[in-house]
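Chemist: Just one file: work_32.pdb, with PDB, C-alpha atoms, pLDDT in the B column.
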```
ATOM      1  CA  MET A 104      15.914  10.773  18.185  1.00 53.00           C
ATOM      2  CA  GLY A 105      14.484   9.306  21.371  1.00 59.00           C
ATOM      3  CA  MET A 106      13.297   5.771  21.896  1.00 54.00           C
ATOM      4  CA  MET A 107       9.645   6.766  21.747  1.00 59.00           C
ATOM      5  CA  SER A 108      10.286   8.547  18.460  1.00 75.00           C
ATOM      6  CA  VAL A 109      11.629   5.328  16.961  1.00 75.00           C
ATOM      7  CA  PHE A 110       8.507   3.512  18.153  1.00 79.00           C
ATOM      8  CA  ASP A 111       6.396   6.246  16.517  1.00 81.00           C
ATOM      9  CA  VAL A 112       8.288   5.976  13.222  1.00 84.00           C
ATOM     10  CA  GLY A 113       7.993   2.192  13.217  1.00 85.00           C
ATOM     11  CA  GLY A 114       4.328   2.328  14.175  1.00 87.00           C
ATOM     12  CA  SER A 115       3.508   4.816  11.429  1.00 90.00           C
ATOM     13  CA  ALA A 116       5.297   2.604   8.891  1.00 91.00           C
ATOM     14  CA  LEU A 117       3.330  -0.451  10.027  1.00 92.00           C
ATOM     15  CA  THR A 118       0.089   1.512   9.650  1.00 92.00           C
ATOM     16  CA  ALA A 119       1.115   2.629   6.153  1.00 94.00           C
ATOM     17  CA  ASP A 120       1.944  -0.986   5.250  1.00 94.00           C
ATOM     18  CA  ARG A 121      -1.493  -2.127   6.424  1.00 95.00           C
ATOM     19  CA  MET A 122      -3.198   0.515   4.297  1.00 96.00           C
ATOM     20  CA  TRP A 123      -1.097  -0.453   1.281  1.00 96.00           C
ATOM     21  CA  LEU A 124      -2.102  -4.101   1.789  1.00 96.00           C
ATOM     22  CA  GLU A 125      -5.762  -3.070   1.756  1.00 97.00           C
ATOM     23  CA  ILE A 126      -5.238  -1.272  -1.568  1.00 98.00           C
ATOM     24  CA  ILE A 127      -3.483  -4.311  -3.067  1.00 98.00           C
ATOM     25  CA  ALA A 128      -6.327  -6.572  -1.917  1.00 97.00           C
ATOM     26  CA  ASN A 129      -8.881  -4.189  -3.410  1.00 97.00           C
ATOM     27  CA  ASN A 130      -6.983  -4.084  -6.713  1.00 98.00           C
ATOM     28  CA  LEU A 131      -6.841  -7.880  -6.901  1.00 98.00           C
ATOM     29  CA  ALA A 132     -10.506  -8.232  -5.936  1.00 97.00           C
ATOM     30  CA  ASN A 133     -11.506  -5.868  -8.755  1.00 97.00           C
ATOM     31  CA  SER A 134      -9.123  -7.172 -11.414  1.00 96.00           C
ATOM     32  CA  GLN A 135     -12.077  -8.439 -13.481  1.00 94.00           C
ATOM     33  CA  THR A 136     -14.542  -5.601 -12.794  1.00 95.00           C
ATOM     34  CA  THR A 137     -15.571  -4.168 -16.164  1.00 94.00           C
ATOM     35  CA  GLN A 138     -18.257  -1.775 -14.928  1.00 92.00           C
ATOM     36  CA  THR A 139     -17.936   0.521 -11.918  1.00 94.00           C
ATOM     37  CA  PRO A 140     -20.437   3.042 -10.524  1.00 93.00           C
ATOM     38  CA  GLU A 141     -18.270   5.777 -12.063  1.00 88.00           C
ATOM     39  CA  GLY A 142     -18.569   4.065 -15.448  1.00 88.00           C
ATOM     40  CA  GLY A 143     -16.015   1.958 -17.274  1.00 91.00           C
ATOM     41  CA  PRO A 144     -13.643  -0.632 -15.861  1.00 96.00           C
ATOM     42  CA  TYR A 145     -11.970  -0.519 -12.486  1.00 97.00           C
ATOM     43  CA  ARG A 146      -8.802   1.574 -12.465  1.00 97.00           C
ATOM     44  CA  ARG A 147      -5.867   0.355 -10.361  1.00 98.00           C
ATOM     45  CA  ARG A 148      -5.213   2.372  -7.231  1.00 97.00           C
ATOM     46  CA  VAL A 149      -1.807   3.156  -5.732  1.00 97.00           C
ATOM     47  CA  PRO A 150      -1.068   4.694  -2.342  1.00 97.00           C
ATOM     48  CA  VAL A 151       0.520   8.121  -1.997  1.00 97.00           C
ATOM     49  CA  PHE A 152       2.843   8.373   0.990  1.00 95.00           C
ATOM     50  CA  SER A 153       4.427  11.406   2.577  1.00 93.00           C
ATOM     51  CA  GLU A 154       6.854  12.043   5.368  1.00 91.00           C
ATOM     52  CA  ILE A 155       5.653  13.132   8.797  1.00 89.00           C
ATOM     53  CA  LEU A 156       7.826  15.865  10.273  1.00 87.00           C
ATOM     54  CA  ASP A 157       8.233  16.566  13.975  1.00 82.00           C
ATOM     55  CA  GLN A 158       6.385  19.800  14.833  1.00 83.00           C
ATOM     56  CA  HIS A 159       9.178  21.092  17.043  1.00 84.00           C
ATOM     57  CA  THR A 160      12.358  20.017  15.256  1.00 83.00           C
ATOM     58  CA  GLY A 161      11.228  19.570  11.665  1.00 82.00           C
ATOM     59  CA  GLN A 162      13.017  16.202  11.646  1.00 80.00           C
ATOM     60  CA  PRO A 163      11.466  13.104  10.027  1.00 80.00           C
ATOM     61  CA  ALA A 164       9.061  11.443  12.437  1.00 83.00           C
ATOM     62  CA  GLY A 165       7.333   8.800  10.345  1.00 87.00           C
ATOM     63  CA  VAL A 166       5.321   8.169   7.236  1.00 91.00           C
ATOM     64  CA  GLU A 167       1.643   8.447   6.420  1.00 91.00           C
ATOM     65  CA  MET A 168      -0.619   7.640   3.526  1.00 94.00           C
ATOM     66  CA  THR A 169      -1.923  10.988   2.306  1.00 95.00           C
ATOM     67  CA  GLY A 170      -4.058   9.771  -0.550  1.00 96.00           C
ATOM     68  CA  ILE A 171      -4.811   7.272  -3.241  1.00 97.00           C
ATOM     69  CA  ALA A 172      -3.848   7.900  -6.861  1.00 97.00           C
ATOM     70  CA  TYR A 173      -5.311   6.220  -9.904  1.00 96.00           C
ATOM     71  CA  ASP A 174      -2.914   4.381 -12.207  1.00 96.00           C
ATOM     72  CA  GLN A 175      -3.246   6.077 -15.583  1.00 96.00           C
ATOM     73  CA  SER A 176      -1.909   3.157 -17.619  1.00 96.00           C
ATOM     74  CA  PRO A 177      -4.263   2.078 -20.397  1.00 96.00           C
ATOM     75  CA  PHE A 178      -7.018  -0.451 -19.891  1.00 96.00           C
ATOM     76  CA  GLN A 179      -6.589  -3.889 -21.405  1.00 94.00           C
ATOM     77  CA  ARG A 180      -8.795  -4.897 -24.336  1.00 96.00           C
ATOM     78  CA  ARG A 181     -10.152  -8.424 -24.412  1.00 96.00           C
ATOM     79  CA  TYR A 182     -12.154  -9.989 -27.219  1.00 96.00           C
ATOM     80  CA  ASP A 183     -15.362 -11.289 -25.645  1.00 95.00           C
ATOM     81  CA  PRO A 184     -18.339 -10.612 -27.952  1.00 94.00           C
ATOM     82  CA  GLY A 185     -20.804 -12.326 -25.591  1.00 93.00           C
ATOM     83  CA  ASN A 186     -20.022  -9.962 -22.725  1.00 92.00           C
ATOM     84  CA  PRO A 187     -22.695  -7.305 -22.125  1.00 90.00           C
ATOM     85  CA  ALA A 188     -19.922  -4.711 -21.754  1.00 90.00           C
ATOM     86  CA  ALA A 189     -18.479  -5.502 -25.212  1.00 93.00           C
ATOM     87  CA  ASP A 190     -18.306  -2.752 -27.829  1.00 94.00           C
ATOM     88  CA  LYS A 191     -19.655  -3.173 -31.376  1.00 95.00           C
ATOM     89  CA  ASN A 192     -16.449  -5.024 -32.370  1.00 95.00           C
ATOM     90  CA  GLY A 193     -16.755  -7.477 -29.463  1.00 96.00           C
ATOM     91  CA  PHE A 194     -13.979  -6.013 -27.300  1.00 97.00           C
ATOM     92  CA  VAL A 195     -14.335  -5.400 -23.579  1.00 97.00           C
ATOM     93  CA  LEU A 196     -12.226  -2.872 -21.696  1.00 96.00           C
ATOM     94  CA  MET A 197     -10.684  -4.659 -18.735  1.00 97.00           C
ATOM     95  CA  PRO A 198      -9.121  -3.110 -15.621  1.00 97.00           C
ATOM     96  CA  ASN A 199      -5.482  -2.036 -15.775  1.00 97.00           C
ATOM     97  CA  VAL A 200      -4.678  -4.321 -12.831  1.00 97.00           C
ATOM     98  CA  ASN A 201      -1.790  -6.693 -13.460  1.00 96.00           C
ATOM     99  CA  PRO A 202      -1.727  -9.454 -10.800  1.00 96.00           C
ATOM    100  CA  VAL A 203       2.055  -9.825 -11.212  1.00 97.00           C
ATOM    101  CA  ASN A 204       2.576  -6.147 -10.326  1.00 96.00           C
ATOM    102  CA  GLU A 205       0.260  -6.532  -7.346  1.00 97.00           C
ATOM    103  CA  MET A 206       2.254  -9.528  -6.120  1.00 97.00           C
ATOM    104  CA  VAL A 207       5.515  -7.573  -6.467  1.00 97.00           C
ATOM    105  CA  ASP A 208       3.942  -4.792  -4.385  1.00 96.00           C
ATOM    106  CA  LEU A 209       2.785  -7.411  -1.886  1.00 96.00           C
ATOM    107  CA  ILE A 210       6.353  -8.720  -1.515  1.00 97.00           C
ATOM    108  CA  THR A 211       7.613  -5.145  -1.063  1.00 95.00           C
ATOM    109  CA  VAL A 212       5.057  -4.513   1.681  1.00 95.00           C
ATOM    110  CA  GLU A 213       5.934  -7.798   3.350  1.00 95.00           C
ATOM    111  CA  ARG A 214       9.628  -6.900   3.425  1.00 96.00           C
ATOM    112  CA  THR A 215       9.056  -3.390   4.771  1.00 93.00           C
ATOM    113  CA  TYR A 216       6.669  -4.787   7.386  1.00 93.00           C
ATOM    114  CA  ASP A 217       9.283  -7.355   8.463  1.00 94.00           C
ATOM    115  CA  ALA A 218      11.988  -4.678   8.607  1.00 92.00           C
ATOM    116  CA  ASN A 219       9.841  -2.382  10.728  1.00 89.00           C
ATOM    117  CA  THR A 220       8.807  -5.123  13.140  1.00 91.00           C
ATOM    118  CA  SER A 221      12.502  -6.053  13.485  1.00 91.00           C
ATOM    119  CA  VAL A 222      13.395  -2.454  14.357  1.00 86.00           C
ATOM    120  CA  ILE A 223      10.600  -2.242  16.932  1.00 86.00           C
ATOM    121  CA  SER A 224      11.556  -5.625  18.401  1.00 88.00           C
ATOM    122  CA  ALA A 225      15.243  -4.651  18.626  1.00 88.00           C
ATOM    123  CA  LEU A 226      14.347  -1.366  20.325  1.00 83.00           C
ATOM    124  CA  LYS A 227      12.103  -3.189  22.785  1.00 85.00           C
ATOM    125  CA  ASN A 228      14.915  -5.640  23.611  1.00 87.00           C
ATOM    126  CA  MET A 229      17.389  -2.772  24.061  1.00 84.00           C
ATOM    127  CA  SER A 230      15.051  -0.920  26.434  1.00 80.00           C
ATOM    128  CA  ASN A 231      14.467  -4.128  28.441  1.00 82.00           C
ATOM    129  CA  LYS A 232      18.231  -4.669  28.719  1.00 82.00           C
ATOM    130  CA  ALA A 233      18.701  -1.055  29.827  1.00 79.00           C
ATOM    131  CA  MET A 234      16.109  -1.538  32.559  1.00 78.00           C
ATOM    132  CA  ASP A 235      17.830  -4.745  33.669  1.00 78.00           C
ATOM    133  CA  ILE A 236      21.165  -2.882  33.967  1.00 80.00           C
ATOM    134  CA  GLY A 237      19.527  -0.317  36.238  1.00 66.00           C
ATOM    135  CA  LYS A 238      18.384  -2.973  38.726  1.00 65.00           C
TER     136      LYS A 238
END
```
Could you write out this file's structure as structure tokens?

Modeler:
Amino acid sequence: MGMMSVFDVGGSALTADRMWLEIIANNLANSQTTQTPEGGPYRRRVPVFSEILDQHTGQPAGVEMTGIAYDQSPFQRRYDPGNPAADKNGFVLMPNVNPVNEMVDLITVERTYDANTSVISALKNMSNKAMDIGK
């Protein structure tokens, strides 16, 4: 794998991390949304990632987000009879977003982002040293 390939892999991972962060932010922002345009409460979204393969060698060449899946875990039920979205028994279906899970995902993204920036930084330093040797 050439140096540029490593930059491509690292860059694709950083892009995937950014997209995952956007999904986490959207989940947290909608954690109290009981009515969506589709009807019913907001359903947590999770990114779907897949490997990018080099067209010529078939070797791994990065990662990309290929879609967004909906978390199929059940909605939470909260007793709130004054809420306009309450059923006849006074319960409201709440989104299946758990802020603790979102924070765990946020920590995971932060660590992968840090790891990828470290790889890119190390590669940049190595290429600079190689150029200095050639002088």

Chemist: For each of A:Gln135, A:Gln179, A:Asn192, A:Ser108, take the minimum atom-to-atom distance to A:Ile155, counting only C-alpha atoms, then give the residue where this is smallest.

Modeler: A:Ser108

Chemist: Apply the PyMOL selection byres ((chain A and resi 206-223) around 8) to the structure shown and report the selected residues as a list in words.

Modeler: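 Checking the PyMOL selection byres ((chain A and resi 206-223) around 8) against this file, the residues are Val109, Phe110, Gly113, Ala116, Leu117, Asp120, Trp123, Leu124, Ile127, Pro202, Val203, Asn204, Glu205, Ser224, Ala225, Leu226 and Lys227 of chain A.
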
Chemist: Using only C-alpha atoms and a cutoff of 12 Å, can you tell me which residues are near (-0.5, 7.8, -11.1) in the file's coordinates, and write them out as a PyMOL selection string?

Modeler: chain A and resi 146-151+170-177+199

Chemist: The PyMOL selection byres ((chain A and resi 198) around 6) - which residues does that actually catch in the file I just gave you? List them as a ChimeraX atom specification.

Modeler: /A:134,144-146,178,197,199-200

Chemist: Write the residues you've just listed into a file as a PDB file, keeping the file's coordinate frame, and include C-alpha atoms for each of them.

Modeler:
```pdb
ATOM      1  CA  SER A 134      -9.123  -7.172 -11.414  1.00 96.00           C
ATOM      2  CA  PRO A 144     -13.643  -0.632 -15.861  1.00 96.00           C
ATOM      3  CA  TYR A 145     -11.970  -0.519 -12.486  1.00 97.00           C
ATOM      4  CA  ARG A 146      -8.802   1.574 -12.465  1.00 97.00           C
ATOM      5  CA  PHE A 178      -7.018  -0.451 -19.891  1.00 96.00           C
ATOM      6  CA  MET A 197     -10.684  -4.659 -18.735  1.00 97.00           C
ATOM      7  CA  ASN A 199      -5.482  -2.036 -15.775  1.00 97.00           C
ATOM      8  CA  VAL A 200      -4.678  -4.321 -12.831  1.00 97.00           C
TER       9      VAL A 200
END
```

Chemist: Could you tell me how far atom CA of A:Gly142 sits from atom CA of A:Val195, in Å to one decimal place?

Modeler: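 Atom CA of A:Gly142 lies 13.2 Å from atom CA of A:Val195.
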
Chemist: As an exercise, work out the distance from atom CA of A:Asp157 to atom CA of A:Asp111 in Å and give it to one decimal place.

Modeler: 10.8 Å

Chemist: Using atom CA of A:Gln158 and atom CA of A:Met122 as the two end points, give the distance in Å to one decimal.

Modeler: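 Interatomic distance, atom CA of A:Gln158 to atom CA of A:Met122: 24.0 Å.
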